[in-house]
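S.K.: mmCIF, C-alpha atoms, file start01.cif:
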```cif
data_query
loop_
_atom_site.label_atom_id
_atom_site.label_comp_id
_atom_site.auth_asym_id
_atom_site.auth_seq_id
_atom_site.Cartn_x
_atom_site.Cartn_y
_atom_site.Cartn_z
CA MET E 1 94.01 50.35 22.03
CA ARG E 2 91.41 52.52 20.31
CA ARG E 3 90.90 54.48 23.52
CA LYS E 4 94.66 54.79 23.98
CA GLN E 5 95.05 56.02 20.40
CA ALA E 6 92.30 58.61 20.83
CA GLU E 7 94.11 59.90 23.93
CA ILE E 8 96.99 61.20 21.80
CA ALA E 9 94.63 63.88 20.49
CA THR E 10 93.93 65.24 23.97
CA ASP E 11 96.85 64.22 26.17
CA PRO E 12 100.15 66.02 25.40
CA VAL E 13 102.19 63.36 27.23
CA ALA E 14 100.56 60.54 25.24
CA PHE E 15 101.08 62.46 22.00
CA GLU E 16 104.75 63.10 22.81
CA ALA E 17 105.31 59.39 23.51
CA PHE E 18 103.53 58.45 20.26
CA TYR E 19 105.56 61.05 18.35
CA ARG E 20 108.88 59.87 19.77
CA ARG E 21 107.96 56.24 19.07
CA HIS E 22 107.17 56.89 15.39
CA VAL E 23 108.91 60.07 14.16
CA ASP E 24 111.94 58.21 12.78
CA ALA E 25 109.78 55.73 10.87
CA VAL E 26 107.66 58.54 9.39
CA THR E 27 110.79 60.51 8.46
CA ARG E 28 112.27 57.43 6.73
CA PHE E 29 108.96 56.77 4.95
CA LEU E 30 108.93 60.32 3.57
CA ALA E 31 112.68 60.51 2.86
CA ARG E 32 112.29 57.47 0.60
CA ARG E 33 109.73 59.39 -1.43
CA VAL E 34 110.96 63.00 -1.32
CA ASP E 35 114.46 64.30 -1.96
CA ASP E 36 114.16 67.79 -0.46
CA PRO E 37 114.92 68.09 3.29
CA HIS E 38 112.63 71.10 3.75
CA THR E 39 109.71 69.21 2.23
CA VAL E 40 110.47 66.13 4.34
CA ALA E 41 110.48 68.26 7.52
CA ASP E 42 107.21 69.97 6.54
CA LEU E 43 105.51 66.68 5.68
CA VAL E 44 106.58 65.00 8.92
CA ALA E 45 104.99 67.90 10.81
CA GLU E 46 101.84 67.68 8.67
CA VAL E 47 101.55 63.93 9.29
CA PHE E 48 101.55 64.41 13.04
CA VAL E 49 99.03 67.26 12.82
CA ALA E 50 96.83 64.91 10.77
CA VAL E 51 97.32 62.25 13.45
CA LEU E 52 95.93 64.65 16.05
CA ASP E 53 92.89 65.27 13.83
CA SER E 54 92.25 61.60 13.04
CA ALA E 55 93.43 59.65 16.10
CA GLN E 56 89.90 58.41 16.75
CA THR E 57 89.84 56.62 13.37
CA TYR E 58 92.55 54.11 14.34
CA ARG E 59 91.24 50.57 14.79
CA SER E 60 93.78 48.21 16.40
CA GLY E 61 91.89 45.17 15.11
CA LEU E 62 92.66 46.20 11.53
CA GLY E 63 96.42 46.49 11.94
CA SER E 64 99.35 48.04 13.70
CA GLU E 65 99.86 51.69 14.63
CA ILE E 66 102.63 51.96 12.05
CA ALA E 67 100.40 50.67 9.24
CA TRP E 68 97.75 53.24 10.17
CA LEU E 69 100.42 55.93 10.47
CA TYR E 70 101.85 55.05 7.03
CA GLY E 71 98.33 55.40 5.63
CA VAL E 72 98.13 58.88 7.16
CA ALA E 73 101.61 59.70 5.81
CA ARG E 74 100.70 58.40 2.36
CA ASN E 75 97.54 60.52 2.28
CA THR E 76 99.50 63.55 3.50
CA LEU E 77 102.13 63.02 0.80
CA SER E 78 99.46 62.57 -1.88
CA ALA E 79 97.80 65.80 -0.82
CA GLU E 80 101.16 67.59 -0.96
CA ARG E 81 101.87 66.25 -4.44
CA ARG E 82 98.47 67.39 -5.69
CA ARG E 83 99.05 70.81 -4.15
CA ALA E 84 102.57 71.08 -5.62
CA PHE E 85 101.28 70.07 -9.05
CA ARG E 86 98.92 73.05 -9.02
CA GLU E 87 101.62 75.49 -7.94
CA SER E 88 104.61 76.61 -9.91
CA ARG E 89 108.04 75.32 -8.89
CA LEU E 90 109.13 78.75 -7.81
CA ALA E 91 106.10 79.29 -5.57
CA ASP E 92 106.62 75.83 -4.10
CA ARG E 93 110.25 76.70 -3.22
CA LEU E 94 109.40 80.04 -1.65
CA ASN E 95 106.07 79.54 0.14
CA GLY E 96 105.17 77.65 3.28
CA ARG E 97 108.68 76.68 4.31
CA ARG E 98 110.15 77.13 7.72
CA LEU E 99 113.85 77.80 7.88
CA LEU E 100 115.93 74.86 9.05
CA ASP E 101 119.00 75.32 11.16
CA SER E 102 122.21 73.79 9.84
CA ASP E 103 122.00 70.73 12.14
CA ASP E 104 118.45 69.93 10.95
CA LEU E 105 119.49 70.40 7.34
CA VAL E 106 122.56 68.14 7.72
CA ARG E 107 120.51 65.45 9.50
CA LEU E 108 117.81 65.48 6.81
CA GLU E 109 120.37 65.48 3.98
CA GLU E 110 122.02 62.42 5.57
CA ARG E 111 118.64 60.70 5.84
CA ILE E 112 117.84 61.55 2.22
CA ASP E 113 121.23 60.22 1.09
CA ALA E 114 120.66 57.03 3.08
CA GLU E 115 117.33 56.52 1.29
CA SER E 116 118.67 57.17 -2.24
CA HIS E 117 118.54 53.45 -3.12
CA ALA E 118 114.84 53.43 -2.27
CA ARG E 119 114.22 56.47 -4.48
CA ARG E 120 115.90 54.58 -7.37
CA ALA E 121 113.51 51.70 -6.72
CA PHE E 122 110.59 54.16 -6.84
CA GLU E 123 111.84 55.35 -10.23
CA ALA E 124 111.90 51.75 -11.45
CA MET E 125 108.33 51.27 -10.21
CA ALA E 126 107.03 54.39 -11.97
CA GLU E 127 105.62 52.37 -14.85
CA LEU E 128 103.49 50.13 -12.62
CA PRO E 129 99.78 50.87 -12.28
CA GLU E 130 99.11 52.98 -9.15
CA GLY E 131 97.44 50.17 -7.17
CA GLU E 132 100.29 47.73 -7.76
CA ARG E 133 102.93 50.40 -7.10
CA ALA E 134 101.30 51.39 -3.81
CA VAL E 135 101.27 47.81 -2.48
CA ILE E 136 104.86 47.03 -3.51
CA GLU E 137 106.07 50.30 -1.94
CA LEU E 138 104.46 49.51 1.39
CA VAL E 139 105.56 45.86 1.47
CA ALA E 140 109.03 45.96 -0.11
CA LEU E 141 110.24 49.41 0.88
CA ASP E 142 108.33 50.21 4.06
CA GLN E 143 108.38 46.60 5.28
CA LEU E 144 104.69 46.32 6.11
CA THR E 145 102.97 42.97 5.94
CA VAL E 146 100.46 42.45 3.13
CA ALA E 147 97.66 42.80 5.70
CA GLU E 148 99.11 46.09 6.98
CA ALA E 149 99.57 47.39 3.44
CA ALA E 150 95.97 46.51 2.67
CA GLN E 151 94.89 48.43 5.77
CA ALA E 152 97.01 51.45 4.86
CA LEU E 153 95.48 51.50 1.36
CA GLY E 154 91.93 50.71 2.46
CA ILE E 155 91.69 47.56 0.30
CA ARG E 156 91.07 43.87 0.97
CA GLN E 157 94.01 41.66 1.83
CA GLY E 158 93.35 39.38 -1.16
CA THR E 159 93.40 42.37 -3.50
CA ALA E 160 96.71 43.48 -1.99
CA ARG E 161 98.20 40.00 -2.54
CA VAL E 162 97.18 39.98 -6.21
CA ARG E 163 98.59 43.46 -6.78
CA LEU E 164 101.83 42.52 -5.00
CA HIS E 165 102.23 39.40 -7.15
CA ARG E 166 101.68 41.38 -10.37
CA ALA E 167 104.14 44.09 -9.32
CA ARG E 168 106.83 41.59 -8.34
CA ARG E 169 106.45 39.77 -11.65
CA VAL E 170 107.05 42.99 -13.60
CA LEU E 171 109.90 44.20 -11.37
CA ARG E 172 111.87 40.94 -11.50
CA ALA E 173 112.92 41.87 -15.03
CA VAL E 174 114.21 45.31 -14.00
CA PRO E 175 117.94 45.61 -13.12
CA PHE E 176 118.74 46.38 -9.45
CA VAL E 177 115.16 45.75 -8.29
CA MET E 178 113.75 42.65 -6.57
CA GLY E 179 116.49 40.30 -7.65
CA GLY E 180 116.52 41.47 -11.28
CA THR E 181 119.69 41.27 -13.30
CA THR E 182 122.67 43.33 -12.17
CA ARG E 183 125.42 45.24 -13.95
#
```
Translate this file's structure into structure tokens.
M.R.:
Amino acid sequence: MRRKQAEIATDPVAFEAFYRRHVDAVTRFLARRVDDPHTVADLVAEVFVAVLDSAQTYRSGLGSEIAWLYGVARNTLSAERRRAFRESRLADRLNGRRLLDSDDLVRLEERIDAESHARRAFEAMAELPEGERAVIELVALDQLTVAEAAQALGIRQGTARVRLHRARRVLRAVPFVMGGTTR
């Protein structure tokens, strides 16, 4: 599988197949975390550029393609957030954006709307420590296994389990999250 994964960096047909297999999952992953369709489109593109640059780092024995890809997407999103923090909001809105046609914009707005419940969950998780929040996001929202989440975060599986347990314990008390009380 490692050889196959490395081929996506040099074989356009292999890359296209990989892209088609995973573009929806990456778009959903990012739409759960970002509410601007232009930013989602840009980040999806950046993730797949990063995949081309780092395809040789994938190790099938450590987890699935999607877990590795979510790790790449998470790193790409983190880099974007650091970059956006340093820039003013106006510069962020005007620079580095490609124009979307109306069909792309409608499709991304629909995806963003469909993921609004997940964004509310992210807001509820904002008070968790970063390590616990990262694990619960990958397991509860992105539906990775604990082992895959550990791989995506570069931590041990046991550490991921402890962080997941702590996060779930805190979130159980929050309305609308993880079986907490409702209206």
S.K.: Mind telling me what the PyMOL selection byres ((chain E and resi 158-171) around 7) catches here, as a list in words?
M.R.: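 Selected by the PyMOL selection byres ((chain E and resi 158-171) around 7) in this file: Leu128, Gly131, Glu132, Arg133, Val135, Ile136, Val146, Ala150, Ile155, Arg156, Gln157, Arg172, Ala173, Val174, Val177 and Met178 of chain E.
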S.K.: Could you give me, as JSON, numbers by chain, the residues within 12 Å of Glu7 of chain E, counting all atoms listed in the file and dropping anything in the same chain fewer than 5 positions from it?
M.R.: {"E": [1, 2, 12, 13, 14, 15, 16, 17, 18, 51, 52, 53, 54, 55, 56, 57, 58]}
S.K.: Go ahead and write the selection's residues with C-alpha atoms as an mmCIF file, in the coordinates of the input.
M.R.:
```cif
data_model
loop_
_atom_site.group_PDB
_atom_site.id
_atom_site.type_symbol
_atom_site.label_atom_id
_atom_site.label_comp_id
_atom_site.auth_asym_id
_atom_site.auth_seq_id
_atom_site.Cartn_x
_atom_site.Cartn_y
_atom_site.Cartn_z
ATOM 1 C CA MET E 1 94.010 50.350 22.030
ATOM 2 C CA ARG E 2 91.410 52.520 20.310
ATOM 3 C CA PRO E 12 100.150 66.020 25.400
ATOM 4 C CA VAL E 13 102.190 63.360 27.230
ATOM 5 C CA ALA E 14 100.560 60.540 25.240
ATOM 6 C CA PHE E 15 101.080 62.460 22.000
ATOM 7 C CA GLU E 16 104.750 63.100 22.810
ATOM 8 C CA ALA E 17 105.310 59.390 23.510
ATOM 9 C CA PHE E 18 103.530 58.450 20.260
ATOM 10 C CA VAL E 51 97.320 62.250 13.450
ATOM 11 C CA LEU E 52 95.930 64.650 16.050
ATOM 12 C CA ASP E 53 92.890 65.270 13.830
ATOM 13 C CA SER E 54 92.250 61.600 13.040
ATOM 14 C CA ALA E 55 93.430 59.650 16.100
ATOM 15 C CA GLN E 56 89.900 58.410 16.750
ATOM 16 C CA THR E 57 89.840 56.620 13.370
ATOM 17 C CA TYR E 58 92.550 54.110 14.340
#
```
S.K.: Name the residues in contact with Asp35 of chain E at a cut-off of 10 Å, using all atoms listed in the file, excluding same-chain residues fewer than 3 positions from it; report them as a list in words.
M.R.: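 These residues fall inside the cut-off: Leu30, Ala31, Arg32, His38, Thr39, Val40, Leu108, Glu109, Arg111, Ile112, Asp113, Glu115, Ser116 and Arg119 of chain E.
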S.K.: Between E:Val26, E:Ala134, E:Leu100, E:Val106, which one has atoms that come closest to Val72 of chain E, using only C-alpha atoms?
M.R.: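 Comparing E:Val26, E:Ala134, E:Leu100, E:Val106 against Val72 of chain E, the winner is E:Val26.
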S.K.: Between atom CA of Glu65 of chain E and atom CA of Val23 of chain E, what distance in Å does the model show, to one decimal?
M.R.: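 These two atoms are separated by 12.3 Å.
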S.K.: Determine, counting all atoms listed in the file, which protein, DNA and RNA residues have an atom within 10 Å of an atom of Thr145 of chain E; residues of the same chain fewer than 4 positions away are not included. Present the result as a ChimeraX atom specification.
M.R.: /E:63-64,67,135,138-140,149-151,157
S.K.: One number please: atom CA of Ser102 of chain E to atom CA of Pro37 of chain E, in Å, one decimal.
M.R.: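 Result for atom CA of Ser102 of chain E versus atom CA of Pro37 of chain E: 11.3 Å, one decimal.
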S.K.: What does the distance between atom CA of Ser78 of chain E and atom CA of Ala121 of chain E come to in Å, to one decimal place?
M.R.: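 Computing it gives 18.4 Å between the two atoms.
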S.K.: Write segment 14-28 of chain E as a short mmCIF file (atom, residue, chain, number, x, y, z; two decimals), in the frame of the given file, completed to N, CA, C and O atoms.
M.R.:
```
data_model
loop_
_atom_site.label_atom_id
_atom_site.label_comp_id
_atom_site.auth_asym_id
_atom_site.auth_seq_id
_atom_site.Cartn_x
_atom_site.Cartn_y
_atom_site.Cartn_z
N ALA E 14 100.81 61.69 26.12
CA ALA E 14 100.56 60.54 25.24
C ALA E 14 100.98 60.86 23.81
O ALA E 14 101.57 60.01 23.12
N PHE E 15 100.69 62.08 23.36
CA PHE E 15 101.08 62.46 22.00
C PHE E 15 102.60 62.49 21.87
O PHE E 15 103.16 62.00 20.89
N GLU E 16 103.29 63.04 22.87
CA GLU E 16 104.75 63.10 22.81
C GLU E 16 105.35 61.70 22.74
O GLU E 16 106.27 61.44 21.97
N ALA E 17 104.81 60.77 23.53
CA ALA E 17 105.31 59.39 23.51
C ALA E 17 105.06 58.75 22.14
O ALA E 17 105.94 58.08 21.59
N PHE E 18 103.87 58.97 21.59
CA PHE E 18 103.53 58.45 20.26
C PHE E 18 104.47 59.05 19.20
O PHE E 18 105.02 58.33 18.36
N TYR E 19 104.68 60.35 19.28
CA TYR E 19 105.56 61.05 18.35
C TYR E 19 106.98 60.48 18.41
O TYR E 19 107.56 60.12 17.40
N ARG E 20 107.51 60.38 19.60
CA ARG E 20 108.88 59.87 19.77
C ARG E 20 109.01 58.42 19.28
O ARG E 20 110.03 58.04 18.72
N ARG E 21 107.95 57.64 19.47
CA ARG E 21 107.96 56.24 19.07
C ARG E 21 107.97 56.11 17.54
O ARG E 21 108.54 55.16 17.00
N HIS E 22 107.38 57.07 16.83
CA HIS E 22 107.17 56.89 15.39
C HIS E 22 107.81 57.94 14.49
O HIS E 22 107.78 57.78 13.27
N VAL E 23 108.39 58.99 15.02
CA VAL E 23 108.91 60.07 14.16
C VAL E 23 110.00 59.57 13.22
O VAL E 23 110.04 59.98 12.05
N ASP E 24 110.88 58.71 13.67
CA ASP E 24 111.94 58.21 12.78
C ASP E 24 111.37 57.39 11.63
O ASP E 24 111.81 57.52 10.48
N ALA E 25 110.39 56.55 11.92
CA ALA E 25 109.78 55.73 10.87
C ALA E 25 109.07 56.61 9.84
O ALA E 25 109.18 56.37 8.63
N VAL E 26 108.36 57.63 10.30
CA VAL E 26 107.66 58.54 9.39
C VAL E 26 108.68 59.33 8.56
O VAL E 26 108.50 59.50 7.35
N THR E 27 109.76 59.77 9.19
CA THR E 27 110.79 60.51 8.46
C THR E 27 111.42 59.62 7.39
O THR E 27 111.62 60.05 6.25
N ARG E 28 111.73 58.36 7.73
CA ARG E 28 112.27 57.43 6.73
C ARG E 28 111.28 57.20 5.59
O ARG E 28 111.65 57.20 4.41
#
```
